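All remarks here apply to the structure that follows.
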Amino acid sequence: MGTWSKVGKMGFIAGGGPVNWFPGHMASATTAIRNRLKLADLVIEVRDARIPLSSANEYLQSLISSKRRVIALNKKDLANPNIITQWTQYFDSCKQDCISINAHSTGSVKKLLSFVELKLKERIPKEPTLLVMVVGVPNVGKSALINSIHHIASPRSPVQEKMKRATVGPLPGVTQDIAGYKIAHQPSIYVLDSPGVLVPRIPDIETGLKLALTGSVKDSVVGEERLAKYLLAVLNTRKTPLRWSNLENRQEEKPGSEAMVDKNNIIREPFPRRTAQSNPSDVRSFEDISIDVQRALHTTLSEFEGDLEDENELESLINKQLKALRKAFKIRHRSDDEAFIKVSKKLLTLFRIGRLGTFTLDAVPS
């Protein structure tokens, strides 16, 4: 599977100390979900398209496998499209329904709903009420999906019966209570949201790091710098930065078409209002920042003459890259420890919003 698939086991990453992956409220939610699953007519299992296997909830697989199930690979816009096609073909070969989606795209969610309706059609004449349950690990987009379903379905429902929007937050595990939402009549169809649940025991450090890198585990649980080193190790062993050689000819986006980020890692609207105290250099576009970051990583890897499969040499390269990224992010007047944490946070942000490219971290089984 290649060196990149084992980087989580390298000493400078795995040696950061034990990780408590399983918060208490997730343990209690598992029981509630298990009981509610008995009532579900169909299960939508939402997974992250960047980690189609790692984002599966192993603890619930035995219960889900006996149900009508659709695997929704969400955040397809952040995943490698070619690899996602291979993944959907793989699930198809396993006779498992699977569809890749973007939960924020109305067209994408409509396609999923049509697919779900098709799977329920044989049961619809028999039951006056049908339950569709949405499950998945934290932060794979369950609540965003339910909000989109509500947006699509609400015009069909009487005003007095329109459901409340599900809570959506940027942090894993924000939806802690199971709630039901009516989305259709004749027959009545309810979508049940559920808390994100991680397995009580993540099988290996690699799986845990992938979940953390894609946002299913809070950064503070793993440590931002450890997570950033894991990301850099993956990028380097895949030799991804070497493909960023033509940065100067990249077409710039039109002014005002993107958000901005300031030195405090705060996302701002395009063209933020200036004040007498503001410094014009305090605000740079994501486009400018991502180009500087990619250029720094390309340069450091291009100049690297060591062995990427040698753990010590790879660690040395990553430490050099962290220093180069400090300059790329223009982080000054801080201690090294403080600066590297700041670098790590900004690098993880760029990865998660797709500014470093599209990635699928799980390899398709042979």
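Ordered as shown in the structure tokens, chains take letters A, B, and onward, while each chain numbers its residues from 1 and ligands are numbered from 1 in the order shown.
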Excluding Asp77 of chain A and its own-chain neighbours fewer than 4 positions away, which residues fall within 8 Å of it when counting only C-alpha atoms? Please give them as a JSON list (two decimals) with all heavy atoms, in the first residue's frame.
```json
[["chain", "number", "residue", "atom", "x", "y", "z"],
["A", 81, "PRO", "N", -11.78, 12.98, -7.39],
["A", 81, "PRO", "CA", -12.93, 12.43, -8.13],
["A", 81, "PRO", "C", -12.65, 11.07, -8.75],
["A", 81, "PRO", "O", -13.54, 10.22, -8.82],
["A", 81, "PRO", "CB", -13.22, 13.50, -9.19],
["A", 81, "PRO", "CG", -11.96, 14.30, -9.31],
["A", 81, "PRO", "CD", -11.33, 14.27, -7.95],
["A", 102, "ASN", "N", -22.63, 16.03, -2.23],
["A", 102, "ASN", "CA", -22.23, 17.25, -1.54],
["A", 102, "ASN", "C", -23.47, 17.73, -0.80],
["A", 102, "ASN", "O", -24.45, 18.16, -1.43],
["A", 102, "ASN", "CB", -21.75, 18.30, -2.54],
["A", 102, "ASN", "CG", -21.38, 19.62, -1.89],
["A", 102, "ASN", "OD1", -21.64, 19.84, -0.71],
["A", 102, "ASN", "ND2", -20.77, 20.52, -2.66],
["A", 358, "THR", "N", -7.65, 18.21, -3.91],
["A", 358, "THR", "CA", -8.60, 17.17, -3.50],
["A", 358, "THR", "C", -7.83, 15.91, -3.14],
["A", 358, "THR", "O", -6.90, 15.52, -3.85],
["A", 358, "THR", "CB", -9.61, 16.87, -4.62],
["A", 358, "THR", "OG1", -8.91, 16.49, -5.81],
["A", 358, "THR", "CG2", -10.47, 18.09, -4.90]]
```
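Atom CA of Ser290 of chain A lies 23.5 Å from atom CA of Ser335 of chain A.
The residue set within 8 Å of segment 36-39 of chain A, counting only C-alpha atoms and dropping same-chain residues fewer than 6 places from it, reads Leu63, Ile64, Leu131 and Met133 of chain A.
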Given the selection you just returned, output its residues as a file containing all heavy atoms, formatted as a PDB file, in the first residue's frame.
```pdb
ATOM      1  N   LEU A  63     -25.407  -3.960  12.937  1.00  0.00           N
ATOM      2  CA  LEU A  63     -26.808  -3.575  12.996  1.00  0.00           C
ATOM      3  C   LEU A  63     -27.277  -2.964  11.681  1.00  0.00           C
ATOM      4  O   LEU A  63     -28.378  -3.237  11.208  1.00  0.00           O
ATOM      5  CB  LEU A  63     -27.023  -2.575  14.138  1.00  0.00           C
ATOM      6  CG  LEU A  63     -26.769  -3.091  15.563  1.00  0.00           C
ATOM      7  CD1 LEU A  63     -26.837  -1.940  16.550  1.00  0.00           C
ATOM      8  CD2 LEU A  63     -27.784  -4.165  15.922  1.00  0.00           C
ATOM      9  N   ILE A  64     -26.426  -2.147  11.087  1.00  0.00           N
ATOM     10  CA  ILE A  64     -26.792  -1.467   9.844  1.00  0.00           C
ATOM     11  C   ILE A  64     -26.882  -2.453   8.679  1.00  0.00           C
ATOM     12  O   ILE A  64     -27.708  -2.306   7.784  1.00  0.00           O
ATOM     13  CB  ILE A  64     -25.770  -0.358   9.523  1.00  0.00           C
ATOM     14  CG1 ILE A  64     -25.825   0.720  10.598  1.00  0.00           C
ATOM     15  CG2 ILE A  64     -26.052   0.269   8.164  1.00  0.00           C
ATOM     16  CD1 ILE A  64     -24.753   1.778  10.448  1.00  0.00           C
ATOM     17  N   LEU A 131     -39.574   5.392   8.453  1.00  0.00           N
ATOM     18  CA  LEU A 131     -38.491   6.089   9.144  1.00  0.00           C
ATOM     19  C   LEU A 131     -37.181   5.899   8.406  1.00  0.00           C
ATOM     20  O   LEU A 131     -36.784   4.766   8.096  1.00  0.00           O
ATOM     21  CB  LEU A 131     -38.351   5.566  10.579  1.00  0.00           C
ATOM     22  CG  LEU A 131     -39.572   5.708  11.492  1.00  0.00           C
ATOM     23  CD1 LEU A 131     -39.259   5.147  12.875  1.00  0.00           C
ATOM     24  CD2 LEU A 131     -40.007   7.165  11.600  1.00  0.00           C
ATOM     25  N   MET A 133     -33.226   6.753   8.911  1.00  0.00           N
ATOM     26  CA  MET A 133     -32.284   7.184   9.948  1.00  0.00           C
ATOM     27  C   MET A 133     -30.948   7.572   9.314  1.00  0.00           C
ATOM     28  O   MET A 133     -30.433   6.866   8.443  1.00  0.00           O
ATOM     29  CB  MET A 133     -32.068   6.075  10.970  1.00  0.00           C
ATOM     30  CG  MET A 133     -31.279   6.531  12.177  1.00  0.00           C
ATOM     31  SD  MET A 133     -31.490   5.406  13.565  1.00  0.00           S
ATOM     32  CE  MET A 133     -30.544   6.270  14.810  1.00  0.00           C
TER      33      MET A 133
END
```
Atomic separation - atom CA of Thr207 of chain A relative to atom CA of Leu317 of chain A, Å: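 Answer for the atom CA of Leu317 of chain A to atom CA of Thr207 of chain A separation: 23.6 Å.
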Residue set, segment 67-96 of chain A restricted to alpha helix (DSSP H), as a PyMOL selection string: chain A and resi 81-93
Writer output for current selection, all heavy atoms, as a short mmCIF file (atom, residue, chain, number, x, y, z; two decimals), in the first residue's frame:
```cif
data_model
loop_
_atom_site.label_atom_id
_atom_site.label_comp_id
_atom_site.auth_asym_id
_atom_site.auth_seq_id
_atom_site.Cartn_x
_atom_site.Cartn_y
_atom_site.Cartn_z
N PRO A 81 -11.78 12.98 -7.39
CA PRO A 81 -12.93 12.43 -8.13
C PRO A 81 -12.65 11.07 -8.75
O PRO A 81 -13.54 10.22 -8.82
CB PRO A 81 -13.22 13.50 -9.19
CG PRO A 81 -11.96 14.30 -9.31
CD PRO A 81 -11.33 14.27 -7.95
N ASN A 82 -11.43 10.85 -9.22
CA ASN A 82 -11.09 9.56 -9.84
C ASN A 82 -11.13 8.44 -8.82
O ASN A 82 -11.63 7.33 -9.10
CB ASN A 82 -9.71 9.64 -10.50
CG ASN A 82 -9.67 10.61 -11.66
OD1 ASN A 82 -10.65 10.77 -12.38
ND2 ASN A 82 -8.54 11.28 -11.84
N ILE A 83 -10.60 8.71 -7.61
CA ILE A 83 -10.59 7.68 -6.57
C ILE A 83 -11.99 7.43 -6.05
O ILE A 83 -12.36 6.29 -5.73
CB ILE A 83 -9.65 8.07 -5.42
CG1 ILE A 83 -8.25 8.41 -5.96
CG2 ILE A 83 -9.56 6.95 -4.40
CD1 ILE A 83 -7.58 7.25 -6.68
N ILE A 84 -12.82 8.49 -5.97
CA ILE A 84 -14.20 8.32 -5.51
C ILE A 84 -14.97 7.42 -6.47
O ILE A 84 -15.79 6.58 -6.07
CB ILE A 84 -14.90 9.68 -5.36
CG1 ILE A 84 -14.34 10.41 -4.14
CG2 ILE A 84 -16.40 9.52 -5.21
CD1 ILE A 84 -14.44 9.60 -2.85
N THR A 85 -14.73 7.57 -7.77
CA THR A 85 -15.36 6.68 -8.75
C THR A 85 -14.96 5.23 -8.48
O THR A 85 -15.80 4.32 -8.54
CB THR A 85 -14.95 7.08 -10.17
OG1 THR A 85 -15.40 8.41 -10.44
CG2 THR A 85 -15.55 6.13 -11.21
N GLN A 86 -13.68 5.02 -8.16
CA GLN A 86 -13.22 3.68 -7.84
C GLN A 86 -13.89 3.14 -6.57
O GLN A 86 -14.22 1.95 -6.49
CB GLN A 86 -11.70 3.67 -7.67
CG GLN A 86 -10.94 3.99 -8.94
CD GLN A 86 -9.43 4.05 -8.70
OE1 GLN A 86 -8.90 3.39 -7.83
NE2 GLN A 86 -8.75 4.87 -9.50
N TRP A 87 -14.11 4.02 -5.61
CA TRP A 87 -14.76 3.60 -4.37
C TRP A 87 -16.21 3.20 -4.61
O TRP A 87 -16.69 2.20 -4.07
CB TRP A 87 -14.68 4.70 -3.32
CG TRP A 87 -13.47 4.59 -2.44
CD1 TRP A 87 -12.36 5.39 -2.42
CD2 TRP A 87 -13.23 3.59 -1.44
NE1 TRP A 87 -11.46 4.95 -1.49
CE2 TRP A 87 -11.96 3.85 -0.86
CE3 TRP A 87 -13.96 2.51 -0.97
CZ2 TRP A 87 -11.43 3.06 0.15
CZ3 TRP A 87 -13.43 1.72 0.04
CH2 TRP A 87 -12.17 2.00 0.59
N THR A 88 -16.95 3.99 -5.38
CA THR A 88 -18.34 3.64 -5.66
C THR A 88 -18.42 2.33 -6.44
O THR A 88 -19.33 1.53 -6.22
CB THR A 88 -19.05 4.77 -6.43
OG1 THR A 88 -18.31 5.09 -7.61
CG2 THR A 88 -19.17 6.01 -5.58
N GLN A 89 -17.47 2.10 -7.34
CA GLN A 89 -17.42 0.83 -8.06
C GLN A 89 -17.11 -0.32 -7.12
O GLN A 89 -17.65 -1.43 -7.27
CB GLN A 89 -16.37 0.91 -9.18
CG GLN A 89 -16.75 1.86 -10.31
CD GLN A 89 -15.62 2.07 -11.31
OE1 GLN A 89 -14.46 1.71 -11.05
NE2 GLN A 89 -15.94 2.66 -12.45
N TYR A 90 -16.24 -0.06 -6.14
CA TYR A 90 -15.91 -1.09 -5.15
C TYR A 90 -17.15 -1.48 -4.34
O TYR A 90 -17.44 -2.67 -4.17
CB TYR A 90 -14.81 -0.59 -4.22
CG TYR A 90 -14.63 -1.44 -2.98
CD1 TYR A 90 -13.99 -2.68 -3.04
CD2 TYR A 90 -15.14 -1.02 -1.75
CE1 TYR A 90 -13.85 -3.47 -1.91
CE2 TYR A 90 -14.99 -1.80 -0.61
CZ TYR A 90 -14.35 -3.02 -0.69
OH TYR A 90 -14.22 -3.81 0.42
N PHE A 91 -17.88 -0.48 -3.83
CA PHE A 91 -19.09 -0.78 -3.05
C PHE A 91 -20.13 -1.49 -3.91
O PHE A 91 -20.84 -2.39 -3.44
CB PHE A 91 -19.67 0.50 -2.45
CG PHE A 91 -18.91 1.01 -1.27
CD1 PHE A 91 -18.30 2.26 -1.29
CD2 PHE A 91 -18.79 0.24 -0.12
CE1 PHE A 91 -17.60 2.73 -0.18
CE2 PHE A 91 -18.09 0.70 0.99
CZ PHE A 91 -17.49 1.94 0.95
N ASP A 92 -20.21 -1.10 -5.18
CA ASP A 92 -21.13 -1.76 -6.09
C ASP A 92 -20.77 -3.24 -6.26
O ASP A 92 -21.66 -4.11 -6.30
CB ASP A 92 -21.11 -1.06 -7.46
CG ASP A 92 -22.13 -1.63 -8.43
OD1 ASP A 92 -23.34 -1.61 -8.10
OD2 ASP A 92 -21.73 -2.12 -9.49
N SER A 93 -19.47 -3.53 -6.31
CA SER A 93 -19.02 -4.92 -6.43
C SER A 93 -19.35 -5.71 -5.17
O SER A 93 -19.45 -6.94 -5.22
CB SER A 93 -17.52 -4.98 -6.73
OG SER A 93 -16.77 -4.57 -5.58
#
```
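Each of A:Asn139, A:Thr129, A:Ser344, A:Asn246 was compared to Leu227 of chain A using only C-alpha atoms, and A:Ser344 turns out to be the nearest.
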Neighbour list for segment 293-298 of chain A as number ranges by chain, cut-off 12 Å, only C-alpha atoms, skip fewer than 2 positions in-chain: A: 231-233, 235-236, 239-248, 250, 286-291, 300-304, 317-330, 343-344, 346-348, 350-351, 355-357
Nearest to Arg69 of chain A by atom-to-atom distance, counting only C-alpha atoms, from A:Asn312, A:Glu122, A:Ser108, A:Val134: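 Selected residue with least distance to Arg69 of chain A: A:Val134.
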Selected residue of minimal separation from Lys75 of chain A among A:Leu130, A:Leu145, A:Leu53, A:Leu308, counting only C-alpha atoms: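 Answer, going by the shortest atom-to-atom distance: A:Leu145.
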Contact residues around Val70 of chain A with only C-alpha atoms at 8 Å, ignoring same-chain residues under 3 positions, as a list in words: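 Counting only the stated atoms, we get Leu42, Val43, Ile44, Glu45, Gln96, Asp97, Cys98, Ile99 and Val116 of chain A.
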Using the selection just defined, write its residues with C-alpha atoms as a short mmCIF file (atom, residue, chain, number, x, y, z; two decimals), in the first residue's frame.
```
data_model
loop_
_atom_site.label_atom_id
_atom_site.label_comp_id
_atom_site.auth_asym_id
_atom_site.auth_seq_id
_atom_site.Cartn_x
_atom_site.Cartn_y
_atom_site.Cartn_z
CA LEU A 42 -33.83 2.59 5.74
CA VAL A 43 -30.47 3.86 6.94
CA ILE A 44 -28.44 6.59 5.29
CA GLU A 45 -24.90 6.05 6.52
CA GLN A 96 -23.77 -2.20 -1.36
CA ASP A 97 -25.72 0.88 -2.50
CA CYS A 98 -23.43 3.91 -2.51
CA ILE A 99 -23.66 7.43 -3.86
CA VAL A 116 -33.78 6.60 -1.15
#
```
Among listed residues A:Leu361, A:Ile341, A:Ala144, A:Val217, nearest Ile101 of chain A (using only C-alpha atoms): A:Ala144
